[in-house]
Amino acid sequence: MGTFEWPLRLETMDGRSSLELEALVDTGSTFTVVAADQLRELGVSPFEKVHLELADGRRDFYDIARAMASIDGRTEATLVVFGAEGAPALLGAYTLEGLRLQVDPVHRQLVPLRGRA
């Protein structure tokens, strides 16, 4: 499929602060991952540690928090993982599905999801 970046806005759950990012669209990542220093600066607080496997096979526990995600006028609560400091943001499947968006691999863009009930 190749990779591409897409604008992502994260807000605290109370809407008091926000962060604009260019996130790498990564449907192989379950959750959206943002550098821990950026999430702390935003003001989101972890509520749990989760055991995750990274793309390189390493496994470890990572802090996870709730935030509001916005893409292309769609906004939804999502889970965000506290990633390595300075690492690029990854836009994961959980956030994409919550926002009802899917990847158009041919045009390398996000498009509305045609859901099934």
# chains A, B, ... in the order shown; residues from 1 in each chain; ligands from 1

call {"tool": "residues_around", "arguments": {"residues": "Glu22 (chain A)", "least_positions_apart": "3", "cutoff": "9 Å", "atoms": "only C-alpha atoms", "output": "PyMOL selection string"}}
result
chain A and resi 5-9+88-90

call {"tool": "write_last_selection", "arguments": {"atoms": "C-alpha atoms", "output": "PDB file, in the first residue's frame"}}
result
ATOM      1  CA  GLU A   5       0.839  11.358   6.152  1.00  0.00           C
ATOM      2  CA  TRP A   6      -2.463  12.961   7.054  1.00  0.00           C
ATOM      3  CA  PRO A   7      -3.351  15.940   9.275  1.00  0.00           C
ATOM      4  CA  LEU A   8      -4.626  14.921  12.724  1.00  0.00           C
ATOM      5  CA  ARG A   9      -5.894  17.148  15.507  1.00  0.00           C
ATOM      6  CA  PRO A  88       6.709  10.457  14.450  1.00  0.00           C
ATOM      7  CA  ALA A  89       2.976  10.164  15.128  1.00  0.00           C
ATOM      8  CA  LEU A  90       1.205   7.053  13.811  1.00  0.00           C
TER       9      LEU A  90
END

call {"tool": "closest_atom_pairs", "arguments": {"of": "region 20-56 of chain A", "to": "region 63-67 of chain A", "cutoff": "12 Å", "atoms": "only C-alpha atoms", "output": "JSON lines"}}
result
{"residue": "A:Phe31", "atom": "CA", "partner": "A:Ile64", "partner_atom": "CA", "distance": 9.3}
{"residue": "A:Thr32", "atom": "CA", "partner": "A:Ile64", "partner_atom": "CA", "distance": 9.8}
{"residue": "A:Val33", "atom": "CA", "partner": "A:Ile64", "partner_atom": "CA", "distance": 9.0}
{"residue": "A:Val34", "atom": "CA", "partner": "A:Ile64", "partner_atom": "CA", "distance": 10.2}
{"residue": "A:Ala35", "atom": "CA", "partner": "A:Asp63", "partner_atom": "CA", "distance": 11.0}
{"residue": "A:Ala36", "atom": "CA", "partner": "A:Asp63", "partner_atom": "CA", "distance": 8.7}
{"residue": "A:Leu39", "atom": "CA", "partner": "A:Ala65", "partner_atom": "CA", "distance": 8.9}
{"residue": "A:Arg40", "atom": "CA", "partner": "A:Ala65", "partner_atom": "CA", "distance": 10.4}
{"residue": "A:Leu42", "atom": "CA", "partner": "A:Ala67", "partner_atom": "CA", "distance": 9.8}
{"residue": "A:Gly43", "atom": "CA", "partner": "A:Ala67", "partner_atom": "CA", "distance": 9.7}
{"residue": "A:Val44", "atom": "CA", "partner": "A:Ala65", "partner_atom": "CA", "distance": 6.6}
{"residue": "A:Ser45", "atom": "CA", "partner": "A:Ala65", "partner_atom": "CA", "distance": 5.9}
{"residue": "A:Pro46", "atom": "CA", "partner": "A:Ala65", "partner_atom": "CA", "distance": 4.3}
{"residue": "A:Phe47", "atom": "CA", "partner": "A:Ala65", "partner_atom": "CA", "distance": 5.7}
{"residue": "A:Glu48", "atom": "CA", "partner": "A:Ile64", "partner_atom": "CA", "distance": 5.7}
{"residue": "A:Lys49", "atom": "CA", "partner": "A:Asp63", "partner_atom": "CA", "distance": 4.4}
{"residue": "A:Val50", "atom": "CA", "partner": "A:Asp63", "partner_atom": "CA", "distance": 6.4}
{"residue": "A:His51", "atom": "CA", "partner": "A:Asp63", "partner_atom": "CA", "distance": 9.1}
{"residue": "A:Leu52", "atom": "CA", "partner": "A:Asp63", "partner_atom": "CA", "distance": 10.1}

call {"tool": "select_by_dssp", "arguments": {"residues": "region 29-117 of chain A", "states": "strand (DSSP E or B)", "output": "MDAnalysis selection string"}}
result
chainID A and resid 32:35 48:53 59:71 74:83 90:91 101:104 109:112

call {"tool": "closest_residue", "arguments": {"among": "A:Leu19, A:Ala84, A:Leu110, A:Ala77", "to": "Asp60 (chain A)", "atoms": "only C-alpha atoms"}}
result
A:Ala84

call {"tool": "closest_residue", "arguments": {"among": "A:Asp104, A:Gly115, A:Tyr62, A:Gly57", "to": "Val81 (chain A)", "atoms": "only C-alpha atoms"}}
result
A:Tyr62

call {"tool": "select_by_dssp", "arguments": {"residues": "chain A", "states": "helix (DSSP H, G or I)", "output": "PyMOL selection string"}}
result
chain A and resi 36-42+93-98

call {"tool": "atom_distance", "arguments": {"atom1": "CA of Pro112 (chain A)", "atom2": "CA of Met13 (chain A)"}}
result
23.8 Å

call {"tool": "residues_around", "arguments": {"residues": "Val111 (chain A)", "least_positions_apart": "4", "cutoff": "8 Å", "atoms": "only C-alpha atoms", "output": "MDAnalysis selection string"}}
result
chainID A and resid 101:104

call {"tool": "closest_residue", "arguments": {"among": "A:Gln38, A:Gln109, A:Thr12, A:Thr78", "to": "Gly92 (chain A)", "atoms": "only C-alpha atoms"}}
result
A:Thr78
